[in-house]
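Written out below as C-alpha coordinates is the structure these notes cover.
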Amino acid sequence: MARYTEAVCRLCRREGQKLFLKGDRCYTKCALENRSYAPGQHGQGRSKSSEYGLQLREKQKAKRYYGVLESQFRCYYEMAERRPGKTGENLLSILECRLDNVVYRLGFAMSRAEARQMVSHGHFTVNGRKVNIPSYQVKPGMVITLKESSRGLEKIKANVEANSSRPAPKWLEYDANNMIAKVVAVPARDDIDLPIEERLIVELYSK
(Lines give C-alpha, C1' and ligand atoms only; values in the text may rest on other atoms or scores of the structure.)
Protein backbone atom coordinates (compact mmCIF):
# COMPACT_ATOMS: atom_id res chain seq x y z
CA MET A 1 0.00 0.00 0.00
CA ALA A 2 1.65 3.24 -1.14
CA ARG A 3 1.77 6.15 1.28
CA TYR A 4 3.80 9.27 2.02
CA THR A 5 6.61 8.47 4.46
CA GLU A 6 8.60 11.72 4.60
CA ALA A 7 8.30 14.49 7.22
CA VAL A 8 4.71 15.75 7.08
CA CYS A 9 5.61 19.15 8.54
CA ARG A 10 7.25 19.89 5.19
CA LEU A 11 3.84 19.55 3.56
CA CYS A 12 2.34 22.24 5.78
CA ARG A 13 5.28 24.53 5.06
CA ARG A 14 4.92 23.94 1.31
CA GLU A 15 1.22 24.87 1.39
CA GLY A 16 1.83 27.80 3.73
CA GLN A 17 -0.82 26.77 6.24
CA LYS A 18 -1.51 24.16 8.88
CA LEU A 19 -2.91 20.92 7.50
CA PHE A 20 -3.14 19.32 10.96
CA LEU A 21 -1.35 16.15 9.87
CA LYS A 22 0.30 15.32 13.21
CA GLY A 23 -2.47 15.77 15.75
CA ASP A 24 -1.27 17.29 19.06
CA ARG A 25 2.06 18.45 17.64
CA CYS A 26 0.25 20.82 15.28
CA TYR A 27 -1.00 22.75 18.32
CA THR A 28 2.14 22.67 20.46
CA LYS A 29 5.26 22.49 18.27
CA CYS A 30 4.34 23.45 14.73
CA ALA A 31 7.25 23.81 12.30
CA LEU A 32 5.26 26.34 10.27
CA GLU A 33 5.34 28.81 13.16
CA ASN A 34 9.15 28.75 13.25
CA ARG A 35 9.74 28.55 9.49
CA SER A 36 6.82 30.04 7.61
CA TYR A 37 8.40 29.55 4.20
CA ALA A 38 8.44 26.62 1.80
CA PRO A 39 11.00 23.86 2.44
CA GLY A 40 14.07 23.33 0.30
CA GLN A 41 17.08 25.34 -0.80
CA HIS A 42 14.99 27.95 -2.64
CA GLY A 43 12.03 27.99 -0.27
CA GLN A 44 12.53 31.59 0.80
CA GLY A 45 12.95 32.90 -2.74
CA ARG A 46 9.86 31.58 -4.50
CA SER A 47 8.13 34.08 -6.78
CA LYS A 48 4.42 34.70 -7.18
CA SER A 49 2.52 31.68 -8.49
CA SER A 50 0.94 31.55 -11.93
CA GLU A 51 -2.69 30.60 -12.51
CA TYR A 52 -1.60 27.01 -13.05
CA GLY A 53 0.51 27.17 -9.89
CA LEU A 54 -2.48 28.28 -7.80
CA GLN A 55 -4.61 25.47 -9.20
CA LEU A 56 -1.88 22.90 -8.56
CA ARG A 57 -1.35 24.06 -4.99
CA GLU A 58 -5.09 23.76 -4.27
CA LYS A 59 -5.14 20.21 -5.60
CA GLN A 60 -2.04 19.30 -3.59
CA LYS A 61 -3.55 20.82 -0.46
CA ALA A 62 -6.76 18.77 -0.81
CA LYS A 63 -4.74 15.58 -1.37
CA ARG A 64 -2.66 16.23 1.72
CA TYR A 65 -5.59 17.10 3.96
CA TYR A 66 -7.16 13.70 3.26
CA GLY A 67 -3.93 11.73 2.92
CA VAL A 68 -4.45 10.33 -0.58
CA LEU A 69 -1.94 9.97 -3.40
CA GLU A 70 -2.21 11.25 -6.97
CA SER A 71 -3.72 8.22 -8.73
CA GLN A 72 -6.38 7.75 -6.08
CA PHE A 73 -7.23 11.45 -6.08
CA ARG A 74 -7.63 11.35 -9.85
CA CYS A 75 -9.99 8.39 -9.53
CA TYR A 76 -12.06 10.35 -7.01
CA TYR A 77 -12.22 13.29 -9.43
CA GLU A 78 -13.45 11.06 -12.26
CA MET A 79 -16.04 9.58 -9.92
CA ALA A 80 -17.18 13.10 -8.99
CA GLU A 81 -17.49 14.05 -12.67
CA ARG A 82 -19.90 11.19 -13.28
CA ARG A 83 -22.23 12.22 -10.47
CA PRO A 84 -24.96 14.84 -10.96
CA GLY A 85 -24.26 18.24 -9.47
CA LYS A 86 -21.10 20.32 -9.15
CA THR A 87 -17.95 18.29 -9.70
CA GLY A 88 -15.92 20.14 -7.06
CA GLU A 89 -18.53 19.67 -4.34
CA ASN A 90 -18.96 16.02 -5.33
CA LEU A 91 -15.20 15.54 -5.01
CA LEU A 92 -15.08 16.91 -1.47
CA SER A 93 -18.14 14.85 -0.53
CA ILE A 94 -16.44 11.66 -1.74
CA LEU A 95 -13.30 12.49 0.23
CA GLU A 96 -15.35 13.21 3.36
CA CYS A 97 -17.07 9.83 3.08
CA ARG A 98 -13.82 7.88 3.42
CA LEU A 99 -13.99 5.71 6.54
CA ASP A 100 -10.71 7.06 7.93
CA ASN A 101 -12.06 10.61 7.63
CA VAL A 102 -15.26 9.60 9.43
CA VAL A 103 -13.21 8.11 12.28
CA TYR A 104 -11.25 11.37 12.50
CA ARG A 105 -14.39 13.52 12.38
CA LEU A 106 -15.92 11.51 15.24
CA GLY A 107 -12.90 12.28 17.44
CA PHE A 108 -11.45 8.78 17.76
CA ALA A 109 -8.14 10.00 16.28
CA MET A 110 -6.13 13.21 16.49
CA SER A 111 -5.26 13.17 12.79
CA ARG A 112 -6.43 11.46 9.63
CA ALA A 113 -3.16 9.51 9.50
CA GLU A 114 -3.87 8.10 12.94
CA ALA A 115 -7.46 7.34 11.91
CA ARG A 116 -6.13 5.50 8.84
CA GLN A 117 -3.97 3.33 11.08
CA MET A 118 -6.88 2.57 13.43
CA VAL A 119 -9.07 1.47 10.56
CA SER A 120 -6.26 -0.65 9.09
CA HIS A 121 -5.89 -2.40 12.45
CA GLY A 122 -9.56 -3.38 12.41
CA HIS A 123 -10.89 -1.34 15.34
CA PHE A 124 -14.16 -0.41 13.59
CA THR A 125 -17.16 -2.14 12.10
CA VAL A 126 -19.60 -0.92 9.46
CA ASN A 127 -23.10 -2.38 9.72
CA GLY A 128 -21.72 -4.99 12.12
CA ARG A 129 -18.89 -6.19 9.85
CA LYS A 130 -15.22 -5.41 10.42
CA VAL A 131 -13.80 -3.07 7.78
CA ASN A 132 -10.05 -2.46 7.62
CA ILE A 133 -9.95 -0.43 4.40
CA PRO A 134 -9.36 3.30 5.16
CA SER A 135 -10.73 4.38 1.76
CA TYR A 136 -14.03 2.51 2.28
CA GLN A 137 -16.90 4.77 1.21
CA VAL A 138 -19.68 5.14 3.78
CA LYS A 139 -23.22 5.87 2.63
CA PRO A 140 -26.41 7.16 4.28
CA GLY A 141 -27.90 4.52 6.55
CA MET A 142 -24.58 2.86 7.40
CA VAL A 143 -23.67 2.45 11.07
CA ILE A 144 -20.03 2.80 12.19
CA THR A 145 -19.12 1.30 15.57
CA LEU A 146 -15.95 1.11 17.64
CA LYS A 147 -15.41 -2.57 18.46
CA GLU A 148 -16.11 -3.58 22.06
CA SER A 149 -12.61 -5.02 22.40
CA SER A 150 -11.05 -1.68 21.35
CA ARG A 151 -12.91 0.59 23.75
CA GLY A 152 -10.46 0.03 26.59
CA LEU A 153 -7.41 1.12 24.61
CA GLU A 154 -5.73 4.05 26.38
CA LYS A 155 -4.93 5.90 23.15
CA ILE A 156 -8.51 5.82 21.92
CA LYS A 157 -9.89 6.84 25.34
CA ALA A 158 -7.42 9.75 25.49
CA ASN A 159 -8.38 10.90 21.98
CA VAL A 160 -12.10 10.72 22.73
CA GLU A 161 -11.62 12.75 25.92
CA ALA A 162 -9.44 15.34 24.18
CA ASN A 163 -11.98 15.74 21.35
CA SER A 164 -15.09 15.63 23.54
CA SER A 165 -15.82 19.32 22.91
CA ARG A 166 -15.56 18.91 19.14
CA PRO A 167 -19.05 18.29 17.71
CA ALA A 168 -19.65 15.62 15.09
CA PRO A 169 -20.59 16.88 11.60
CA LYS A 170 -24.29 17.36 10.86
CA TRP A 171 -24.27 14.46 8.40
CA LEU A 172 -23.26 12.04 11.17
CA GLU A 173 -25.50 11.07 14.08
CA TYR A 174 -23.20 10.13 16.95
CA ASP A 175 -24.02 8.32 20.21
CA ALA A 176 -20.96 9.06 22.37
CA ASN A 177 -22.06 6.75 25.21
CA ASN A 178 -22.16 3.69 22.96
CA MET A 179 -19.55 4.95 20.48
CA ILE A 180 -21.86 4.37 17.54
CA ALA A 181 -22.36 6.72 14.60
CA LYS A 182 -24.88 6.62 11.79
CA VAL A 183 -24.50 8.31 8.43
CA VAL A 184 -27.71 10.28 8.02
CA ALA A 185 -26.93 12.22 4.83
CA VAL A 186 -24.39 12.85 2.12
CA PRO A 187 -22.08 15.65 3.35
CA ALA A 188 -22.93 19.00 1.74
CA ARG A 189 -20.37 21.69 0.99
CA ASP A 190 -21.49 23.71 4.02
CA ASP A 191 -20.66 20.73 6.23
CA ILE A 192 -17.01 20.69 5.14
CA ASP A 193 -14.98 23.27 7.03
CA LEU A 194 -11.68 22.91 5.17
CA PRO A 195 -10.33 26.02 3.37
CA ILE A 196 -10.29 24.42 -0.09
CA GLU A 197 -11.32 26.21 -3.28
CA GLU A 198 -12.58 23.20 -5.20
CA ARG A 199 -13.25 25.24 -8.35
CA LEU A 200 -9.48 25.59 -8.84
CA ILE A 201 -9.12 21.80 -8.76
CA VAL A 202 -11.86 21.44 -11.38
CA GLU A 203 -10.16 24.07 -13.56
CA LEU A 204 -6.84 22.19 -13.28
CA TYR A 205 -8.29 18.86 -14.34
CA SER A 206 -10.43 20.45 -17.08
CA LYS A 207 -7.43 21.62 -19.09
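Letters A, B, ... go to the chains of the C-alpha coordinates in the order shown; residues in each chain start at 1; ligands are counted from 1 in the same order.
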Excluding segment 66-75 of chain A and its own-chain neighbours fewer than 2 positions away, which residues fall within 10 Å of it when counting only C-alpha atoms? Please give them as JSON, numbers by chain.
{"A": [2, 3, 4, 19, 21, 59, 60, 61, 62, 63, 64, 77, 78, 79, 80, 81, 91, 92, 95, 96, 98, 100, 101, 111, 112, 113, 116, 135, 205]}
Write out the residues from the selection above, keeping N, CA and C atoms, as a PDB file, in the first residue's frame.
ATOM      1  N   ALA A   2       0.816   2.047  -1.027  1.00  0.00           N
ATOM      2  CA  ALA A   2       1.653   3.241  -1.140  1.00  0.00           C
ATOM      3  C   ALA A   2       1.167   4.315  -0.182  1.00  0.00           C
ATOM      4  N   ARG A   3       2.115   5.036   0.416  1.00  0.00           N
ATOM      5  CA  ARG A   3       1.767   6.146   1.280  1.00  0.00           C
ATOM      6  C   ARG A   3       2.975   7.068   1.410  1.00  0.00           C
ATOM      7  N   TYR A   4       2.730   8.302   1.831  1.00  0.00           N
ATOM      8  CA  TYR A   4       3.798   9.274   2.022  1.00  0.00           C
ATOM      9  C   TYR A   4       4.522   8.959   3.326  1.00  0.00           C
ATOM     10  N   LEU A  19      -2.048  21.973   8.028  1.00  0.00           N
ATOM     11  CA  LEU A  19      -2.914  20.921   7.496  1.00  0.00           C
ATOM     12  C   LEU A  19      -3.329  19.943   8.589  1.00  0.00           C
ATOM     13  N   LEU A  21      -1.692  17.519  10.255  1.00  0.00           N
ATOM     14  CA  LEU A  21      -1.349  16.153   9.866  1.00  0.00           C
ATOM     15  C   LEU A  21      -0.730  15.347  11.004  1.00  0.00           C
ATOM     16  N   LYS A  59      -4.984  21.660  -5.459  1.00  0.00           N
ATOM     17  CA  LYS A  59      -5.137  20.210  -5.600  1.00  0.00           C
ATOM     18  C   LYS A  59      -4.236  19.476  -4.615  1.00  0.00           C
ATOM     19  N   GLN A  60      -2.990  19.928  -4.512  1.00  0.00           N
ATOM     20  CA  GLN A  60      -2.042  19.302  -3.593  1.00  0.00           C
ATOM     21  C   GLN A  60      -2.514  19.433  -2.146  1.00  0.00           C
ATOM     22  N   LYS A  61      -3.074  20.593  -1.820  1.00  0.00           N
ATOM     23  CA  LYS A  61      -3.555  20.821  -0.463  1.00  0.00           C
ATOM     24  C   LYS A  61      -4.697  19.866  -0.123  1.00  0.00           C
ATOM     25  N   ALA A  62      -5.638  19.685  -1.047  1.00  0.00           N
ATOM     26  CA  ALA A  62      -6.757  18.768  -0.810  1.00  0.00           C
ATOM     27  C   ALA A  62      -6.260  17.339  -0.634  1.00  0.00           C
ATOM     28  N   LYS A  63      -5.328  16.921  -1.481  1.00  0.00           N
ATOM     29  CA  LYS A  63      -4.743  15.579  -1.366  1.00  0.00           C
ATOM     30  C   LYS A  63      -4.126  15.368   0.003  1.00  0.00           C
ATOM     31  N   ARG A  64      -3.404  16.364   0.467  1.00  0.00           N
ATOM     32  CA  ARG A  64      -2.662  16.226   1.716  1.00  0.00           C
ATOM     33  C   ARG A  64      -3.571  16.289   2.933  1.00  0.00           C
ATOM     34  N   TYR A  77     -11.753  12.202  -8.577  1.00  0.00           N
ATOM     35  CA  TYR A  77     -12.225  13.289  -9.430  1.00  0.00           C
ATOM     36  C   TYR A  77     -13.095  12.742 -10.564  1.00  0.00           C
ATOM     37  N   GLU A  78     -12.664  11.656 -11.177  1.00  0.00           N
ATOM     38  CA  GLU A  78     -13.447  11.060 -12.264  1.00  0.00           C
ATOM     39  C   GLU A  78     -14.789  10.540 -11.747  1.00  0.00           C
ATOM     40  N   MET A  79     -14.793  10.018 -10.533  1.00  0.00           N
ATOM     41  CA  MET A  79     -16.038   9.583  -9.916  1.00  0.00           C
ATOM     42  C   MET A  79     -16.969  10.772  -9.693  1.00  0.00           C
ATOM     43  N   ALA A  80     -16.388  11.891  -9.243  1.00  0.00           N
ATOM     44  CA  ALA A  80     -17.178  13.099  -8.986  1.00  0.00           C
ATOM     45  C   ALA A  80     -17.771  13.663 -10.278  1.00  0.00           C
ATOM     46  N   GLU A  81     -17.009  13.566 -11.371  1.00  0.00           N
ATOM     47  CA  GLU A  81     -17.490  14.052 -12.668  1.00  0.00           C
ATOM     48  C   GLU A  81     -18.733  13.304 -13.134  1.00  0.00           C
ATOM     49  N   LEU A  91     -16.533  16.030  -5.358  1.00  0.00           N
ATOM     50  CA  LEU A  91     -15.201  15.537  -5.007  1.00  0.00           C
ATOM     51  C   LEU A  91     -14.964  15.614  -3.504  1.00  0.00           C
ATOM     52  N   LEU A  92     -15.281  16.763  -2.907  1.00  0.00           N
ATOM     53  CA  LEU A  92     -15.081  16.912  -1.467  1.00  0.00           C
ATOM     54  C   LEU A  92     -15.994  15.978  -0.686  1.00  0.00           C
ATOM     55  N   LEU A  95     -14.423  12.531  -0.686  1.00  0.00           N
ATOM     56  CA  LEU A  95     -13.296  12.488   0.232  1.00  0.00           C
ATOM     57  C   LEU A  95     -13.766  12.450   1.685  1.00  0.00           C
ATOM     58  N   GLU A  96     -14.815  13.203   2.004  1.00  0.00           N
ATOM     59  CA  GLU A  96     -15.348  13.207   3.360  1.00  0.00           C
ATOM     60  C   GLU A  96     -15.918  11.853   3.755  1.00  0.00           C
ATOM     61  N   ARG A  98     -14.796   8.925   3.132  1.00  0.00           N
ATOM     62  CA  ARG A  98     -13.823   7.877   3.421  1.00  0.00           C
ATOM     63  C   ARG A  98     -13.959   7.471   4.891  1.00  0.00           C
ATOM     64  N   ASP A 100     -11.713   6.479   7.034  1.00  0.00           N
ATOM     65  CA  ASP A 100     -10.714   7.062   7.931  1.00  0.00           C
ATOM     66  C   ASP A 100     -11.054   8.507   8.277  1.00  0.00           C
ATOM     67  N   ASN A 101     -11.646   9.248   7.342  1.00  0.00           N
ATOM     68  CA  ASN A 101     -12.059  10.611   7.634  1.00  0.00           C
ATOM     69  C   ASN A 101     -13.213  10.635   8.626  1.00  0.00           C
ATOM     70  N   SER A 111      -5.582  12.802  14.163  1.00  0.00           N
ATOM     71  CA  SER A 111      -5.256  13.175  12.787  1.00  0.00           C
ATOM     72  C   SER A 111      -5.829  12.115  11.858  1.00  0.00           C
ATOM     73  N   ARG A 112      -5.921  12.439  10.584  1.00  0.00           N
ATOM     74  CA  ARG A 112      -6.426  11.455   9.629  1.00  0.00           C
ATOM     75  C   ARG A 112      -5.446  10.303   9.444  1.00  0.00           C
ATOM     76  N   ALA A 113      -4.149  10.588   9.599  1.00  0.00           N
ATOM     77  CA  ALA A 113      -3.158   9.512   9.495  1.00  0.00           C
ATOM     78  C   ALA A 113      -3.348   8.497  10.618  1.00  0.00           C
ATOM     79  N   ARG A 116      -6.434   6.504   9.872  1.00  0.00           N
ATOM     80  CA  ARG A 116      -6.134   5.501   8.838  1.00  0.00           C
ATOM     81  C   ARG A 116      -5.522   4.256   9.470  1.00  0.00           C
ATOM     82  N   SER A 135     -10.046   3.664   2.840  1.00  0.00           N
ATOM     83  CA  SER A 135     -10.731   4.383   1.757  1.00  0.00           C
ATOM     84  C   SER A 135     -12.182   3.925   1.568  1.00  0.00           C
ATOM     85  N   TYR A 205      -8.033  20.121 -13.662  1.00  0.00           N
ATOM     86  CA  TYR A 205      -8.287  18.861 -14.341  1.00  0.00           C
ATOM     87  C   TYR A 205      -9.056  19.035 -15.661  1.00  0.00           C
TER      88      TYR A 205
END
Could you pull out the residues in segment 29-192 of chain A that DSSP calls strand (DSSP E or B) from the backbone, as a PyMOL selection string?
chain A and resi 98+124-126+129-130+137+143-146+172-175+180-183
To one decimal in Å, tell me the separation between atom CA of Ile196 of chain A and atom CA of Glu51 of chain A.
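Taking atom CA of Ile196 of chain A as the start and atom CA of Glu51 of chain A as the end point, the length is 15.8 Å.
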Spatial neighbours of Val143 of chain A, max dist 8 Å, only C-alpha atoms, sep filter under 5 positions, as a list in words
Val126, Asn127, Gly128, Ile180, Ala181, Lys182 and Val183 of chain A
Surrounding residues of Gly122 of chain A excluding itself and chain neighbours under 4 positions, 12 Å, only C-alpha atoms, as a ChimeraX atom specification
/A:99-100,115-118,126,129-134,145-150
re atom CA of Pro195 of chain A and atom CA of Glu89 of chain A: distance 12.9 Å
Nearby residues (only C-alpha atoms) at most 12 Å from Asp193 of chain A, same-chain spacing under 3 positions excluded, as a CSV table (one decimal) with all heavy atoms, in the first residue's frame:
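Generated file (around35.csv):
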chain,number,residue,atom,x,y,z
A,65,TYR,N,-4.6,17.1,2.9
A,65,TYR,CA,-5.6,17.1,4.0
A,65,TYR,C,-6.1,15.7,4.2
A,65,TYR,O,-6.2,15.2,5.3
A,65,TYR,CB,-6.8,18.0,3.6
A,65,TYR,CG,-6.7,19.4,4.2
A,65,TYR,CD1,-6.8,20.5,3.3
A,65,TYR,CD2,-6.5,19.6,5.5
A,65,TYR,CE1,-6.7,21.8,3.8
A,65,TYR,CE2,-6.4,20.9,6.1
A,65,TYR,CZ,-6.5,22.0,5.2
A,65,TYR,OH,-6.4,23.3,5.7
A,92,LEU,N,-15.3,16.8,-2.9
A,92,LEU,CA,-15.1,16.9,-1.5
A,92,LEU,C,-16.0,16.0,-0.7
A,92,LEU,O,-15.6,15.4,0.4
A,92,LEU,CB,-15.3,18.4,-1.1
A,92,LEU,CG,-14.3,19.4,-1.6
A,92,LEU,CD1,-14.7,20.8,-1.0
A,92,LEU,CD2,-12.9,19.0,-1.2
A,93,SER,N,-17.2,15.8,-1.2
A,93,SER,CA,-18.1,14.9,-0.5
A,93,SER,C,-17.6,13.4,-0.5
A,93,SER,O,-17.7,12.7,0.5
A,93,SER,CB,-19.5,14.9,-1.2
A,93,SER,OG,-20.4,14.0,-0.6
A,96,GLU,N,-14.8,13.2,2.0
A,96,GLU,CA,-15.3,13.2,3.4
A,96,GLU,C,-15.9,11.9,3.8
A,96,GLU,O,-15.9,11.5,4.9
A,96,GLU,CB,-16.4,14.3,3.5
A,96,GLU,CG,-15.9,15.7,3.7
A,96,GLU,CD,-15.3,15.9,5.1
A,96,GLU,OE1,-16.0,15.6,6.1
A,96,GLU,OE2,-14.2,16.3,5.2
A,105,ARG,N,-13.3,12.5,12.1
A,105,ARG,CA,-14.4,13.5,12.4
A,105,ARG,C,-15.1,13.2,13.7
A,105,ARG,O,-15.6,14.1,14.4
A,105,ARG,CB,-15.4,13.6,11.2
A,105,ARG,CG,-14.9,14.2,9.9
A,105,ARG,CD,-14.6,15.6,10.1
A,105,ARG,NE,-14.4,16.3,8.8
A,105,ARG,CZ,-14.0,17.5,8.6
A,105,ARG,NH1,-13.8,18.3,9.7
A,105,ARG,NH2,-13.8,18.0,7.4
A,169,PRO,N,-19.9,16.2,12.7
A,169,PRO,CA,-20.6,16.9,11.6
A,169,PRO,C,-22.1,16.6,11.6
A,169,PRO,O,-22.6,15.6,12.1
A,169,PRO,CB,-19.9,16.3,10.4
A,169,PRO,CG,-18.6,15.7,10.9
A,169,PRO,CD,-18.9,15.3,12.3
A,170,LYS,N,-22.8,17.5,10.9
A,170,LYS,CA,-24.3,17.4,10.9
A,170,LYS,C,-24.7,16.1,10.1
A,170,LYS,O,-25.8,15.6,10.4
A,170,LYS,CB,-24.9,18.6,10.2
A,170,LYS,CG,-24.7,19.9,10.9
A,170,LYS,CD,-25.3,21.1,10.2
A,170,LYS,CE,-25.1,22.4,10.9
A,170,LYS,NZ,-25.6,23.5,10.1
A,187,PRO,N,-22.6,14.4,2.9
A,187,PRO,CA,-22.1,15.7,3.3
A,187,PRO,C,-22.2,16.7,2.3
A,187,PRO,O,-21.8,16.5,1.1
A,187,PRO,CB,-20.6,15.4,3.7
A,187,PRO,CG,-20.3,14.1,3.0
A,187,PRO,CD,-21.6,13.3,2.9
A,188,ALA,N,-22.8,17.9,2.6
A,188,ALA,CA,-22.9,19.0,1.7
A,188,ALA,C,-21.7,19.9,1.9
A,188,ALA,O,-20.9,19.8,2.8
A,188,ALA,CB,-24.2,19.8,2.1
A,189,ARG,N,-21.5,20.8,1.0
A,189,ARG,CA,-20.4,21.7,1.0
A,189,ARG,C,-20.3,22.5,2.3
A,189,ARG,O,-19.2,22.7,2.8
A,189,ARG,CB,-20.4,22.6,-0.2
A,189,ARG,CG,-19.1,23.6,-0.3
A,189,ARG,CD,-17.9,22.7,-0.4
A,189,ARG,NE,-16.6,23.5,-0.4
A,189,ARG,CZ,-15.9,23.7,0.7
A,189,ARG,NH1,-16.3,23.2,1.8
A,189,ARG,NH2,-14.8,24.4,0.6
A,190,ASP,N,-21.5,22.9,2.8
A,190,ASP,CA,-21.5,23.7,4.0
A,190,ASP,C,-21.0,22.9,5.2
A,190,ASP,O,-20.7,23.5,6.3
A,190,ASP,CB,-22.9,24.2,4.3
A,190,ASP,CG,-23.3,25.3,3.2
A,190,ASP,OD1,-22.4,25.8,2.6
A,190,ASP,OD2,-24.5,25.5,3.1
A,196,ILE,N,-10.7,24.9,1.2
A,196,ILE,CA,-10.3,24.4,-0.1
A,196,ILE,C,-11.2,25.1,-1.1
A,196,ILE,O,-12.4,25.1,-1.0
A,196,ILE,CB,-10.5,22.9,-0.2
A,196,ILE,CG1,-9.5,22.2,0.8
A,196,ILE,CG2,-10.2,22.4,-1.6
A,196,ILE,CD1,-9.7,20.7,0.9
A,197,GLU,N,-10.6,25.6,-2.2
A,197,GLU,CA,-11.3,26.2,-3.3
A,197,GLU,C,-11.4,25.1,-4.4
A,197,GLU,O,-10.5,25.0,-5.2
A,197,GLU,CB,-10.6,27.5,-3.8
A,197,GLU,CG,-10.6,28.6,-2.8
A,197,GLU,CD,-10.1,29.9,-3.4
A,197,GLU,OE1,-10.6,30.3,-4.5
A,197,GLU,OE2,-9.2,30.5,-2.9
